[in-house]
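Notes to accompany the following structure.
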Amino acid sequence: MNAKIRRYNAVAAGARVVAAVCGLAVALRLDAYAVPVWLSAPCGFAVVSCLTAIADRMVGALASVTYACTVPGCTFSVRLRWAGPAERRRWQEASAAHPVHDIPRP
């Protein structure tokens, strides 16, 4: 379990470094066209924040398990991160037997 968390942290840190390099490249590219710093810096920050958010969601999706209710139309679901086998099994059973079914009305 600890190795998975270390691997996740390493991948997330690498993705943040790549995002920072891409943001810096955009800011420097805009600077080459004589765009003022007060415009190129926010553009670079926007690229960094967007790429970081995307990378965090992708890496988070790889590190999590989702269990959903099997009743047709029910929207109940549970997402687990870093759960052990017993915790996964408990939530798998809980998602199958939850008392209230969230079925959207047309």
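Each chain of the structure tokens is named A, B, ... in the order shown, its residues numbered from 1; ligands are numbered from 1 in display order.
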
Name all residues at most 12 Å from Asn2 of chain A (count only C-alpha atoms; drop same-chain ones fewer than 3 positions away) and give them as a compact mmCIF listing (two decimals) with N, CA, C and O atoms, in the first residue's frame.
# COMPACT_ATOMS: atom_id res chain seq x y z
N ILE A 5 1.26 4.57 -2.79
CA ILE A 5 1.19 5.99 -2.47
C ILE A 5 2.45 6.70 -2.94
O ILE A 5 2.39 7.80 -3.49
N ARG A 6 3.60 6.08 -2.75
CA ARG A 6 4.85 6.68 -3.23
C ARG A 6 4.84 6.82 -4.75
O ARG A 6 5.28 7.84 -5.29
N ARG A 7 4.36 5.79 -5.44
CA ARG A 7 4.29 5.85 -6.91
C ARG A 7 3.34 6.96 -7.35
O ARG A 7 3.62 7.72 -8.27
N TYR A 8 2.19 7.07 -6.67
CA TYR A 8 1.23 8.13 -6.97
C TYR A 8 1.86 9.50 -6.77
O TYR A 8 1.73 10.38 -7.61
N ASN A 9 2.57 9.69 -5.65
CA ASN A 9 3.21 10.98 -5.38
C ASN A 9 4.28 11.29 -6.41
O ASN A 9 4.43 12.45 -6.82
N TRP A 82 -7.04 4.41 -1.79
CA TRP A 82 -6.10 3.80 -0.85
C TRP A 82 -6.81 2.90 0.17
O TRP A 82 -6.41 2.82 1.31
N ALA A 83 -7.86 2.23 -0.23
CA ALA A 83 -8.57 1.33 0.67
C ALA A 83 -8.00 -0.08 0.53
O ALA A 83 -7.61 -0.51 -0.55
N GLY A 84 -7.98 -0.78 1.64
CA GLY A 84 -7.53 -2.17 1.65
C GLY A 84 -8.63 -3.09 1.16
O GLY A 84 -9.77 -2.67 0.92

DSSP on the backbone: what in chain A comes out helix (DSSP H, G or I), as a PyMOL selection string?
chain A and resi 2-32+37-62+85-96

Which is closer to Cys22 of chain A than all the others in A:Val78, A:Gly44, A:Ala3, A:Ala63, using only C-alpha atoms?
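Looking only at the distances to Cys22 of chain A, the closest residue turns out to be A:Gly44.
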
Return the single residue from A:Tyr33, A:Phe45, A:Tyr67, A:Phe76 that is closest to Arg88 of chain A, with distances computed using only C-alpha atoms.
A:Tyr67
